[in-house]
>>> print(open('data-v9.txt').read())   # compact mmCIF, C-alpha atoms (C1' of nucleotides)
# COMPACT_ATOMS: atom_id res chain seq x y z
CA MET A 8 0.00 0.00 0.00
CA SER A 9 1.28 3.42 -0.93
CA LYS A 10 0.01 4.83 2.34
CA MET A 11 2.06 2.45 4.43
CA THR A 12 5.23 3.17 2.52
CA LYS A 13 4.91 6.92 2.82
CA ARG A 14 3.89 6.78 6.44
CA GLU A 15 6.78 4.49 7.23
CA ARG A 16 9.21 6.78 5.49
CA PHE A 17 7.81 9.60 7.57
CA LEU A 18 8.16 7.59 10.78
CA GLU A 19 11.75 6.73 9.97
CA THR A 20 12.71 10.31 9.23
CA SER A 21 11.20 11.76 12.37
CA LEU A 22 12.65 8.93 14.45
CA LYS A 23 16.16 9.91 13.44
CA LEU A 24 15.45 13.56 13.97
CA ILE A 25 14.09 12.97 17.46
CA ASN A 26 17.17 10.95 18.28
CA GLU A 27 19.44 13.70 17.10
CA LYS A 28 17.82 16.59 18.91
CA GLY A 29 15.74 14.97 21.62
CA PHE A 30 11.96 14.69 21.69
CA LYS A 31 11.22 18.00 23.38
CA ALA A 32 13.71 19.89 21.28
CA THR A 33 12.31 18.49 18.03
CA THR A 34 9.46 20.69 16.84
CA MET A 35 6.72 19.75 14.43
CA ARG A 36 8.26 22.33 12.11
CA ASP A 37 11.62 20.53 12.33
CA ILE A 38 9.95 17.31 11.29
CA ALA A 39 8.09 19.00 8.45
CA HIS A 40 11.28 20.64 7.26
CA SER A 41 13.21 17.39 7.14
CA LEU A 42 10.35 15.93 5.07
CA ASN A 43 10.24 18.95 2.76
CA CYS A 44 6.62 19.66 3.50
CA GLU A 45 4.45 22.01 5.52
CA VAL A 46 3.74 21.52 9.22
CA ALA A 47 0.05 20.92 8.71
CA ASN A 48 0.80 18.00 6.45
CA VAL A 49 2.49 16.08 9.22
CA TYR A 50 -0.91 15.74 10.84
CA ASN A 51 -2.02 13.59 7.94
CA TYR A 52 0.29 10.92 9.35
CA ILE A 53 -0.14 11.24 13.07
CA ASP A 54 -2.63 12.48 15.61
CA SER A 55 -0.23 14.41 17.78
CA LYS A 56 3.40 14.75 18.72
CA GLN A 57 2.75 12.70 21.85
CA SER A 58 1.19 9.83 19.92
CA LEU A 59 4.28 9.73 17.75
CA LEU A 60 6.46 9.05 20.76
CA GLU A 61 4.01 6.52 22.10
CA THR A 62 4.00 4.61 18.81
CA TYR A 63 7.76 4.22 18.89
CA LEU A 64 8.15 3.38 22.55
CA PHE A 65 5.37 0.84 22.91
CA GLY A 66 6.34 -0.71 19.60
CA ILE A 67 9.89 -1.48 20.69
CA SER A 68 8.81 -2.34 24.22
CA ASN A 69 6.46 -4.98 22.82
CA GLU A 70 9.24 -6.45 20.75
CA PHE A 71 11.39 -6.91 23.82
CA HIS A 72 8.55 -8.58 25.66
CA ALA A 73 7.71 -10.92 22.79
CA ALA A 74 11.36 -11.93 22.54
CA ILE A 75 11.94 -12.55 26.23
CA ASP A 76 8.70 -14.49 26.58
CA THR A 77 9.85 -16.99 23.99
CA ILE A 78 13.08 -17.45 25.91
CA ILE A 79 11.42 -17.83 29.29
CA ASP A 80 8.92 -20.34 27.99
CA SER A 81 11.67 -22.48 26.46
CA ASN A 82 13.27 -25.25 28.46
CA ALA A 83 16.79 -23.94 28.08
CA SER A 84 19.07 -23.81 31.11
CA SER A 85 19.36 -20.57 33.07
CA GLU A 86 22.76 -19.93 31.60
CA GLU A 87 21.47 -20.51 28.11
CA LYS A 88 18.54 -18.19 28.81
CA ILE A 89 20.85 -15.38 29.88
CA ARG A 90 22.91 -16.01 26.77
CA LEU A 91 19.76 -15.69 24.66
CA ILE A 92 18.69 -12.50 26.43
CA ILE A 93 22.05 -10.97 25.57
CA ARG A 94 21.52 -12.06 22.00
CA ILE A 95 18.08 -10.50 21.60
CA HIS A 96 19.32 -7.20 22.98
CA ILE A 97 22.13 -7.16 20.45
CA ASP A 98 19.85 -8.29 17.63
CA LEU A 99 17.39 -5.53 18.34
CA MET A 100 20.19 -3.01 18.60
CA VAL A 101 21.43 -3.99 15.15
CA LYS A 102 17.97 -3.96 13.63
CA LYS A 103 16.50 -0.95 15.40
CA PRO A 104 19.21 1.16 16.97
CA TYR A 105 17.19 4.37 16.87
CA GLU A 106 14.15 2.84 18.51
CA LEU A 107 16.42 1.43 21.22
CA ALA A 108 18.03 4.79 21.81
CA LEU A 109 14.59 6.32 22.16
CA LEU A 110 13.57 3.65 24.62
CA VAL A 111 16.50 4.52 26.82
CA ASN A 112 16.54 8.29 26.41
CA GLU A 113 13.05 9.59 25.77
CA TRP A 114 10.53 7.56 27.76
CA ARG A 115 10.52 10.38 30.33
CA ASN A 116 8.57 12.49 27.88
CA LEU A 117 5.55 10.21 27.96
CA LYS A 118 2.58 11.64 29.79
CA GLU A 119 0.23 9.95 32.18
CA PRO A 120 -1.43 7.54 31.86
CA LYS A 121 0.91 6.23 29.16
CA LEU A 122 3.95 6.90 31.33
CA GLY A 123 2.57 4.69 34.07
CA THR A 124 1.80 1.93 31.60
CA PHE A 125 5.27 2.12 30.15
CA LEU A 126 6.99 1.99 33.53
CA ALA A 127 4.82 -0.93 34.58
CA GLU A 128 5.83 -2.80 31.44
CA ARG A 129 9.45 -2.09 32.20
CA VAL A 130 9.14 -3.48 35.70
CA VAL A 131 7.55 -6.60 34.25
CA TYR A 132 10.49 -6.98 31.89
CA GLU A 133 12.99 -6.55 34.69
CA ASN A 134 11.13 -9.12 36.72
CA LYS A 135 11.34 -11.61 33.89
CA VAL A 136 15.11 -11.19 33.84
CA LYS A 137 15.19 -11.37 37.60
CA SER A 138 13.33 -14.68 37.55
CA VAL A 139 15.90 -16.20 35.21
CA LEU A 140 18.76 -15.11 37.47
CA LYS A 141 16.95 -16.42 40.52
CA GLU A 142 16.24 -19.73 38.85
CA GLY A 143 19.91 -20.02 37.97
CA MET A 144 20.98 -19.17 41.49
CA GLU A 145 18.71 -21.79 42.92
CA ALA A 146 19.98 -24.36 40.44
CA LYS A 147 23.52 -23.36 41.52
CA ASP A 148 24.40 -22.39 37.98
CA PHE A 149 25.02 -18.88 39.25
CA LYS A 150 26.76 -17.83 42.43
CA PRO A 151 24.80 -16.39 45.38
CA MET A 152 24.04 -12.73 44.64
CA ASN A 153 21.81 -9.91 45.72
CA ILE A 154 19.22 -10.51 43.05
CA GLU A 155 18.20 -6.86 42.64
CA ILE A 156 21.73 -5.63 42.16
CA ALA A 157 22.58 -8.51 39.87
CA THR A 158 19.55 -7.82 37.67
CA TYR A 159 20.23 -4.13 37.26
CA THR A 160 23.94 -4.63 36.76
CA PHE A 161 23.34 -7.30 34.15
CA LEU A 162 20.79 -5.24 32.25
CA SER A 163 23.15 -2.27 32.36
CA THR A 164 25.86 -4.19 30.55
CA LEU A 165 23.49 -4.15 27.55
CA ARG A 166 22.41 -0.53 27.76
CA TRP A 167 25.30 1.29 26.10
CA LEU A 168 25.09 -0.51 22.78
CA HIS A 169 22.60 1.71 20.97
CA ASP A 170 24.73 4.76 21.65
CA LYS A 171 27.65 3.47 19.65
CA TYR A 172 25.45 2.02 16.96
CA THR A 173 23.50 5.17 16.19
CA ASP A 174 26.38 7.62 16.33
CA LEU A 175 29.31 5.88 14.77
CA PRO A 176 29.70 5.18 11.07
CA ILE A 177 31.88 2.19 11.88
CA LYS A 178 29.85 -0.59 13.38
CA ILE A 179 31.43 -3.01 15.80
CA ASN A 180 30.84 -6.60 14.75
CA PRO A 181 27.70 -7.79 16.59
CA LYS A 182 28.97 -11.33 16.96
CA GLU A 183 32.06 -10.08 18.73
CA ILE A 184 30.00 -7.86 21.01
CA GLU A 185 27.87 -10.84 21.93
CA GLU A 186 30.87 -12.99 22.77
CA GLN A 187 32.63 -10.28 24.74
CA ILE A 188 29.59 -9.29 26.77
CA SER A 189 28.70 -12.91 27.48
CA GLU A 190 32.21 -13.56 28.72
CA PHE A 191 32.05 -10.41 30.86
CA VAL A 192 28.71 -11.35 32.36
CA PHE A 193 29.50 -14.99 33.07
CA SER A 194 33.07 -14.75 34.25
CA GLY A 195 34.14 -11.13 34.59
CA ILE A 196 37.39 -9.49 33.65
CA SER A 197 39.87 -11.15 36.00
CA LYS A 198 42.28 -13.67 34.65
CA LYS A 199 41.23 -16.30 37.09
CA MET B 23 27.76 34.01 53.82
CA SER B 24 24.03 34.50 53.54
CA LYS B 25 24.27 34.74 49.76
CA MET B 26 25.87 31.37 49.42
CA THR B 27 23.31 29.65 51.57
CA LYS B 28 20.35 31.06 49.71
CA ARG B 29 21.88 30.42 46.33
CA GLU B 30 22.71 26.88 47.30
CA ARG B 31 19.22 26.26 48.52
CA PHE B 32 17.99 27.55 45.20
CA LEU B 33 20.39 25.30 43.28
CA GLU B 34 19.29 22.29 45.27
CA THR B 35 15.60 22.94 44.71
CA SER B 36 15.89 23.44 40.99
CA LEU B 37 18.18 20.43 40.68
CA LYS B 38 15.50 18.16 42.08
CA LEU B 39 12.84 19.76 39.95
CA ILE B 40 14.86 19.32 36.78
CA ASN B 41 15.42 15.70 37.67
CA GLU B 42 11.74 15.15 38.20
CA LYS B 43 10.48 16.75 35.01
CA GLY B 44 13.51 16.89 32.75
CA PHE B 45 15.45 20.01 31.82
CA LYS B 46 13.40 21.06 28.81
CA ALA B 47 10.12 20.38 30.55
CA THR B 48 11.08 22.42 33.59
CA THR B 49 10.18 26.06 33.01
CA MET B 50 11.60 29.05 34.81
CA ARG B 51 8.11 29.51 36.19
CA ASP B 52 8.18 25.98 37.59
CA ILE B 53 11.41 26.76 39.38
CA ALA B 54 10.07 30.06 40.71
CA HIS B 55 6.92 28.34 41.91
CA SER B 56 8.81 25.68 43.83
CA LEU B 57 10.81 28.47 45.50
CA ASN B 58 7.67 30.49 46.29
CA CYS B 59 8.88 33.53 44.41
CA GLU B 60 8.38 35.33 41.11
CA VAL B 61 10.08 34.30 37.89
CA ALA B 62 12.15 37.45 37.64
CA ASN B 63 13.70 36.75 41.00
CA VAL B 64 15.29 33.56 39.76
CA TYR B 65 17.54 35.71 37.61
CA ASN B 66 19.12 37.12 40.75
CA TYR B 67 20.72 33.70 41.16
CA ILE B 68 21.61 32.67 37.63
CA ASP B 69 22.34 34.19 34.27
CA SER B 70 20.18 31.90 32.22
CA LYS B 71 18.49 28.53 32.18
CA GLN B 72 21.33 27.15 30.10
CA SER B 73 24.00 28.31 32.55
CA LEU B 74 22.13 26.53 35.30
CA LEU B 75 22.49 23.22 33.49
CA GLU B 76 26.13 23.96 32.71
CA THR B 77 26.90 24.65 36.36
CA TYR B 78 25.56 21.29 37.43
CA LEU B 79 27.06 19.21 34.64
CA PHE B 80 30.56 20.62 34.63
CA GLY B 81 30.59 20.60 38.42
CA ILE B 82 29.95 16.89 38.69
CA SER B 83 32.08 16.10 35.66
CA ASN B 84 35.03 17.80 37.34
CA GLU B 85 34.49 15.78 40.48
CA PHE B 86 34.72 12.57 38.52
CA HIS B 87 37.89 13.69 36.85
CA ALA B 88 39.53 14.79 40.09
CA ALA B 89 38.67 11.46 41.67
CA ILE B 90 39.90 9.27 38.84
CA ASP B 91 43.12 11.25 38.48
CA THR B 92 44.06 10.51 42.06
CA ILE B 93 43.50 6.83 41.39
CA ILE B 94 45.44 6.75 38.15
CA ASP B 95 48.38 8.58 39.67
CA SER B 96 48.57 6.17 42.58
CA ASN B 97 50.73 3.08 42.36
CA ALA B 98 47.95 0.66 43.09
CA SER B 99 47.60 -2.47 40.96
CA SER B 100 45.20 -2.43 38.00
CA GLU B 101 42.75 -4.55 39.91
CA GLU B 102 42.91 -2.22 42.86
CA LYS B 103 42.43 0.76 40.56
CA ILE B 104 39.27 -0.73 39.08
CA ARG B 105 38.06 -1.44 42.59
CA LEU B 106 38.66 2.20 43.49
CA ILE B 107 36.88 3.45 40.37
CA ILE B 108 33.85 1.41 41.39
CA ARG B 109 34.09 2.96 44.83
CA ILE B 110 34.19 6.58 43.65
CA HIS B 111 31.18 6.03 41.44
CA ILE B 112 29.21 4.66 44.35
CA ASP B 113 30.48 7.38 46.70
CA LEU B 114 29.41 10.10 44.32
CA MET B 115 26.07 8.42 43.82
CA VAL B 116 25.43 8.41 47.55
CA LYS B 117 26.58 12.01 47.99
CA LYS B 118 25.14 13.53 44.83
CA PRO B 119 22.52 11.27 43.31
CA TYR B 120 20.66 14.09 41.55
CA GLU B 121 23.77 15.53 39.96
CA LEU B 122 24.65 12.04 38.76
CA ALA B 123 21.21 11.53 37.28
CA LEU B 124 21.54 14.83 35.47
CA LEU B 125 24.92 13.82 34.13
CA VAL B 126 23.42 10.72 32.60
CA ASN B 127 20.09 12.10 31.44
CA GLU B 128 20.38 15.76 30.57
CA TRP B 129 23.76 16.47 28.99
CA ARG B 130 22.04 16.36 25.59
CA ASN B 131 20.48 19.70 26.40
CA LEU B 132 23.79 21.50 26.47
CA LYS B 133 24.38 23.76 23.51
CA GLU B 134 27.52 24.25 21.50
CA PRO B 135 30.24 25.00 22.30
CA LYS B 136 29.59 23.66 25.82
CA LEU B 137 28.22 20.42 24.43
CA GLY B 138 31.45 19.76 22.56
CA THR B 139 33.53 20.52 25.64
CA PHE B 140 31.41 18.19 27.73
CA LEU B 141 31.63 15.32 25.27
CA ALA B 142 35.36 15.79 24.97
CA GLU B 143 35.69 15.59 28.74
CA ARG B 144 33.64 12.42 28.73
CA VAL B 145 35.89 10.83 26.14
CA VAL B 146 38.89 11.74 28.25
CA TYR B 147 37.28 10.06 31.24
CA GLU B 148 36.51 6.93 29.25
CA ASN B 149 40.09 6.86 28.03
CA LYS B 150 41.38 7.00 31.58
CA VAL B 151 39.29 3.95 32.43
CA LYS B 152 40.40 2.32 29.22
CA SER B 153 44.06 2.82 30.13
CA VAL B 154 43.57 1.07 33.45
CA LEU B 155 41.94 -1.91 31.77
CA LYS B 156 44.66 -2.03 29.15
CA GLU B 157 47.39 -1.85 31.77
CA GLY B 158 45.74 -4.71 33.64
CA MET B 159 45.44 -6.76 30.48
CA GLU B 160 49.09 -6.28 29.69
CA ALA B 161 50.06 -7.21 33.23
CA LYS B 162 47.91 -10.34 32.81
CA ASP B 163 45.75 -9.33 35.74
CA PHE B 164 42.81 -9.23 33.36
CA LYS B 165 41.97 -11.66 30.61
CA PRO B 166 42.37 -10.70 26.93
CA MET B 167 39.41 -8.56 25.90
CA ASN B 168 38.28 -6.15 23.23
CA ILE B 169 39.26 -3.07 25.14
CA GLU B 170 36.51 -0.82 23.75
CA ILE B 171 33.74 -3.25 24.58
CA ALA B 172 35.22 -3.99 28.00
CA THR B 173 35.43 -0.29 28.86
CA TYR B 174 31.85 0.51 27.89
CA THR B 175 30.49 -2.63 29.50
CA PHE B 176 32.35 -1.94 32.72
CA LEU B 177 31.25 1.70 32.89
CA SER B 178 27.68 0.60 32.22
CA THR B 179 27.63 -1.60 35.27
CA LEU B 180 27.88 1.63 37.27
CA ARG B 181 25.34 3.65 35.34
CA TRP B 182 22.04 2.45 36.80
CA LEU B 183 22.81 3.38 40.40
CA HIS B 184 21.55 6.96 40.44
CA ASP B 185 18.18 5.86 39.16
CA LYS B 186 17.44 3.75 42.20
CA TYR B 187 18.98 6.22 44.57
CA THR B 188 16.96 9.24 43.50
CA ASP B 189 13.60 7.54 43.12
CA LEU B 190 13.36 5.07 45.95
CA PRO B 191 12.82 5.99 49.57
CA ILE B 192 14.61 2.84 50.65
CA LYS B 193 18.30 3.06 49.91
CA ILE B 194 20.27 -0.05 49.17
CA ASN B 195 23.35 -0.28 51.39
CA PRO B 196 26.26 1.26 49.45
CA LYS B 197 28.81 -1.14 50.88
CA GLU B 198 26.80 -4.07 49.62
CA ILE B 199 26.42 -2.50 46.19
CA GLU B 200 30.16 -2.04 46.04
CA GLU B 201 30.86 -5.64 46.95
CA GLN B 202 28.28 -7.05 44.59
CA ILE B 203 29.32 -4.95 41.62
CA SER B 204 33.01 -5.66 42.22
CA GLU B 205 32.30 -9.37 42.31
CA PHE B 206 30.24 -9.06 39.12
CA VAL B 207 32.94 -7.13 37.31
CA PHE B 208 35.86 -9.30 38.37
CA SER B 209 34.36 -12.74 38.16
CA GLY B 210 30.87 -12.60 36.68
CA ILE B 211 27.75 -14.45 37.68
CA SER B 212 28.68 -18.04 36.95
CA LYS B 213 29.38 -20.37 39.80
CA LYS B 214 32.89 -21.15 38.65
C1' DT C 2 23.89 57.90 59.42
C1' DA C 3 24.63 56.92 54.41
C1' DT C 4 25.27 53.44 51.22
C1' DT C 5 25.81 49.17 49.37
C1' DT C 6 24.11 44.44 48.97
C1' DA C 7 20.96 40.58 48.36
C1' DC C 8 16.62 39.51 47.50
C1' DA C 9 12.07 40.57 45.67
C1' DT C 10 8.02 42.10 42.55
C1' DG C 11 4.75 42.81 38.41
C1' DA C 12 4.33 43.93 33.88
C1' DA C 13 5.71 43.36 29.45
C1' DC C 14 8.36 41.52 25.32
C1' DA C 15 9.21 38.77 21.17
C1' DA C 16 9.67 34.23 19.80
C1' DT C 17 8.29 29.68 19.62
C1' DT C 18 5.17 26.05 20.17
C1' DG C 19 1.44 22.26 18.87
C1' DT C 20 -2.62 22.18 16.56
C1' DT C 21 -6.75 23.36 13.57
C1' DC C 22 -9.14 24.99 9.60
C1' DA C 23 -10.72 25.64 4.94
C1' DT C 24 -9.17 24.42 0.82
C1' DG C 25 -6.74 22.18 -3.04
C1' DT C 26 -5.16 18.23 -6.19
C1' DA C 27 -3.39 14.10 -8.41
C1' DA C 28 -4.06 9.37 -8.47
C1' DA C 29 -6.65 5.23 -7.34
C1' DT C 30 -11.06 3.14 -7.12
C1' DA C 31 -16.11 2.36 -7.97
C1' DT D 20 -17.09 8.97 -15.68
C1' DA D 21 -17.87 10.00 -10.71
C1' DT D 22 -16.03 9.57 -6.34
C1' DT D 23 -13.11 8.44 -2.85
C1' DT D 24 -8.39 8.48 -0.99
C1' DA D 25 -3.85 10.14 0.32
C1' DC D 26 -1.17 13.81 0.40
C1' DA D 27 -0.51 18.79 0.36
C1' DT D 28 -0.80 24.00 1.45
C1' DG D 29 -0.99 28.69 3.95
C1' DA D 30 -2.94 31.22 7.38
C1' DA D 31 -4.24 31.63 11.86
C1' DC D 32 -4.93 30.41 16.91
C1' DA D 33 -4.05 30.44 21.88
C1' DA D 34 -0.73 29.12 25.03
C1' DT D 35 3.76 28.88 26.66
C1' DT D 36 8.41 30.15 26.85
C1' DG D 37 12.99 32.60 28.53
C1' DT D 38 14.30 36.97 29.54
C1' DT D 39 14.38 42.08 30.62
C1' DC D 40 13.05 46.26 32.83
C1' DA D 41 12.02 49.69 36.24
C1' DT D 42 11.31 49.65 40.77
C1' DG D 43 11.15 48.42 45.69
C1' DT D 44 12.99 47.03 50.45
C1' DA D 45 15.13 45.05 54.53
C1' DA D 46 19.47 44.07 56.30
C1' DA D 47 24.44 44.43 56.30
C1' DT D 48 28.29 47.40 55.80
C1' DA D 49 31.00 51.76 55.54
>>> encode(input="data-v9.txt", output="structure tokens")
Amino acid sequence: MSKMTKRERFLETSLKLINEKGFKATTMRDIAHSLNCEVANVYNYIDSKQSLLETYLFGISNEFHAAIDTIIDSNASSEEKIRLIIRIHIDLMVKKPYELALLVNEWRNLKEPKLGTFLAERVVYENKVKSVLKEGMEAKDFKPMNIEIATYTFLSTLRWLHDKYTDLPIKINPKEIEEQISEFVFSGISKK
Amino acid sequence: MSKMTKRERFLETSLKLINEKGFKATTMRDIAHSLNCEVANVYNYIDSKQSLLETYLFGISNEFHAAIDTIIDSNASSEEKIRLIIRIHIDLMVKKPYELALLVNEWRNLKEPKLGTFLAERVVYENKVKSVLKEGMEAKDFKPMNIEIATYTFLSTLRWLHDKYTDLPIKINPKEIEEQISEFVFSGISKK
DNA sequence: TATTTACATGAACAATTGTTCATGTAAATA
DNA sequence: TATTTACATGAACAATTGTTCATGTAAATA
């Protein structure tokens, strides 16, 4: 459909613009300008500036949830599950670096009640990760840890990726990132 | 001095407000309101909204640099240096959680040429960390790693702290965070 | 006592913002 | 051919924004 194509091209353009300048700093006129059209025309594609942000954020959030649910429902070992979680984060970063950057940087600009929904979804996601770590601890695959700290620290190791992938022209090889981060997470930096 | 006290109280109030709503979303009128005064009065304390942000960001950035320089110039082992870097991050988070949150979340709102200066300073900081990791790798304290990935992954493990410390009423014990994160960084989550 | 200092006000400003409206048009569809 | 659809325009709006100005005042300082 011609509509889809045009709309998608519009979404892509404004996504990059928002990433460059930030959501608040990007005006409807900025978006129009980068599309070579008038401001009013932008409203043929979206309802409001807010809804634009919501579309992006809930879209990528859903993708993360769909991916982790498949992993959790599998009968892989805890270690294998963590390995797969690392992989989906890197996969999504390669496929949708700008959406990922938005997810990290711009969710604050959501308004209630969407903001509450978003944060609730994020807690659910964190809890899914937490459950895998807990499972692994109980199975003695993982060492005894403060589960909260371990969850946040682990998730943090995956949260810088988008930054390098959106800004730099030279992309680091995703396979290498996956190996290096997995090694870091499972056995740290010390030469044992 | 009475001036210092009042100005500092003002800085503290607006710092929290900016953290709550975001820099762009916080208006001068918001700040005035939370101080129970008129907008114009705010300009007795600062030159502009931008300079307010700059004060915070370069202040905390300098603290990080001062702290890491002391560590780098010491003759501690690489492992000990990494341990100390973890410690200063946690110390600063406990002492100045709001400044830290700003450093992570709001630097994008700086304008050139301050933005360039800030980013350059950040690269310098990352390079200092990188040099410690490299040194440790060469001394065979640390395993062979892609040094870029290791640096960003390591720094990330410290970048979620402020979030929990500003939002939650219940503070996690800093000593425990330090131990847990050090263990994570040096030997990972696997039960060896 | 005279003067400086730090803090305070209210009104006004020019610019920017998201959004709406009436209207138009080329291409696809019925 | 008639009509719907998707995309497009320019003007206008009400609200919000950071900042300035002239002016005031209580307390500290000279």
>>> residues_around(input="data-v9.txt", residues="D:DT48", least_positions_apart="5", cutoff="12 Å", atoms="all atoms listed in the file", output="list in words")
DT2, DA3, DT4, DT5 and DT6 of chain C
>>> closest_residue(input="data-v9.txt", among="A:Ser41, A:Ser58, A:Ser21, A:Thr33", to="chain B", atoms="all atoms listed in the file")
A:Thr33
>>> interface_residues(input="data-v9.txt", of="chain A", to="chain D", cutoff="8 Å", atoms="all atoms listed in the file", output="ChimeraX atom specification")
/A:10,44-45,47-48,51
>>> write_last_selection(input="data-v9.txt", atoms="C-alpha atoms", output="PDB file, keeping the file's coordinate frame")
ATOM      1  CA  LYS A  10       0.010   4.830   2.340  1.00  0.00           C
ATOM      2  CA  CYS A  44       6.620  19.660   3.500  1.00  0.00           C
ATOM      3  CA  GLU A  45       4.450  22.010   5.520  1.00  0.00           C
ATOM      4  CA  ALA A  47       0.050  20.920   8.710  1.00  0.00           C
ATOM      5  CA  ASN A  48       0.800  18.000   6.450  1.00  0.00           C
ATOM      6  CA  ASN A  51      -2.020  13.590   7.940  1.00  0.00           C
TER       7      ASN A  51
END
>>> interface_residues(input="data-v9.txt", of="chain A", to="chain B", cutoff="10 Å", atoms="all atoms listed in the file", output="compact mmCIF listing (two decimals) with C-alpha atoms, in the coordinates of the input")
# COMPACT_ATOMS: atom_id res chain seq x y z
CA GLU A 27 19.44 13.70 17.10
CA LYS A 28 17.82 16.59 18.91
CA GLY A 29 15.74 14.97 21.62
CA PHE A 30 11.96 14.69 21.69
CA LYS A 31 11.22 18.00 23.38
CA ALA A 32 13.71 19.89 21.28
CA GLU A 86 22.76 -19.93 31.60
CA VAL A 111 16.50 4.52 26.82
CA ASN A 112 16.54 8.29 26.41
CA GLU A 113 13.05 9.59 25.77
CA ARG A 115 10.52 10.38 30.33
CA ASN A 116 8.57 12.49 27.88
CA LEU A 140 18.76 -15.11 37.47
CA GLY A 143 19.91 -20.02 37.97
CA MET A 144 20.98 -19.17 41.49
CA LYS A 147 23.52 -23.36 41.52
CA ASP A 148 24.40 -22.39 37.98
CA PHE A 149 25.02 -18.88 39.25
CA LYS A 150 26.76 -17.83 42.43
CA PRO A 151 24.80 -16.39 45.38
CA MET A 152 24.04 -12.73 44.64
CA ASN A 153 21.81 -9.91 45.72
CA ILE A 154 19.22 -10.51 43.05
CA GLU A 155 18.20 -6.86 42.64
CA ILE A 156 21.73 -5.63 42.16
CA ALA A 157 22.58 -8.51 39.87
CA TYR A 159 20.23 -4.13 37.26
CA THR A 160 23.94 -4.63 36.76
CA PHE A 161 23.34 -7.30 34.15
CA LEU A 162 20.79 -5.24 32.25
CA SER A 163 23.15 -2.27 32.36
CA THR A 164 25.86 -4.19 30.55
CA LEU A 165 23.49 -4.15 27.55
CA ARG A 166 22.41 -0.53 27.76
CA TRP A 167 25.30 1.29 26.10
CA LEU A 168 25.09 -0.51 22.78
CA LYS A 171 27.65 3.47 19.65
CA ILE A 179 31.43 -3.01 15.80
CA GLU A 183 32.06 -10.08 18.73
CA ILE A 184 30.00 -7.86 21.01
CA GLU A 185 27.87 -10.84 21.93
CA GLN A 187 32.63 -10.28 24.74
CA ILE A 188 29.59 -9.29 26.77
CA SER A 189 28.70 -12.91 27.48
CA GLU A 190 32.21 -13.56 28.72
CA PHE A 191 32.05 -10.41 30.86
CA VAL A 192 28.71 -11.35 32.36
CA PHE A 193 29.50 -14.99 33.07
CA SER A 194 33.07 -14.75 34.25
CA GLY A 195 34.14 -11.13 34.59
CA ILE A 196 37.39 -9.49 33.65
CA SER A 197 39.87 -11.15 36.00
CA LYS A 198 42.28 -13.67 34.65
CA LYS A 199 41.23 -16.30 37.09
>>> atom_distance(input="data-v9.txt", atom1="atom CA of A:His96", atom2="atom CA of A:Thr124")
21.6 Å
>>> axis_aligned_box(input="data-v9.txt", around="stretch 5-10 of chain C", padding_each_side="4 Å", output="AutoDock Vina command-line options")
--center_x 16.9 --center_y 44.3 --center_z 46.0 --size_x 25.8 --size_y 17.7 --size_z 14.8
>>> atom_distance(input="data-v9.txt", atom1="atom CA of B:Asn195", atom2="atom CA of A:Ile89")
26.4 Å
>>> residues_near_point(input="data-v9.txt", point="(13.5, 33.5, 34.4)", cutoff="9 Å", atoms="all atoms listed in the file", output="PDB file with C-alpha atoms (C1' of nucleotides), in the frame of the given file")
ATOM      1  CA  THR B  49      10.180  26.060  33.010  1.00  0.00           C
ATOM      2  CA  MET B  50      11.600  29.050  34.810  1.00  0.00           C
ATOM      3  CA  ARG B  51       8.110  29.510  36.190  1.00  0.00           C
ATOM      4  CA  ILE B  53      11.410  26.760  39.380  1.00  0.00           C
ATOM      5  CA  ALA B  54      10.070  30.060  40.710  1.00  0.00           C
ATOM      6  CA  GLU B  60       8.380  35.330  41.110  1.00  0.00           C
ATOM      7  CA  VAL B  61      10.080  34.300  37.890  1.00  0.00           C
ATOM      8  CA  ALA B  62      12.150  37.450  37.640  1.00  0.00           C
ATOM      9  CA  ASN B  63      13.700  36.750  41.000  1.00  0.00           C
ATOM     10  CA  VAL B  64      15.290  33.560  39.760  1.00  0.00           C
ATOM     11  CA  TYR B  65      17.540  35.710  37.610  1.00  0.00           C
ATOM     12  CA  ILE B  68      21.610  32.670  37.630  1.00  0.00           C
ATOM     13  CA  ASP B  69      22.340  34.190  34.270  1.00  0.00           C
ATOM     14  CA  SER B  70      20.180  31.900  32.220  1.00  0.00           C
ATOM     15  CA  LYS B  71      18.490  28.530  32.180  1.00  0.00           C
TER      16      LYS B  71
ATOM     17  C1'  DG D  37      12.990  32.600  28.530  1.00  0.00           C
ATOM     18  C1'  DT D  38      14.300  36.970  29.540  1.00  0.00           C
TER      19       DT D  38
END
>>> atom_distance(input="data-v9.txt", atom1="atom CA of B:Thr35", atom2="atom CA of A:Leu122")
23.9 Å
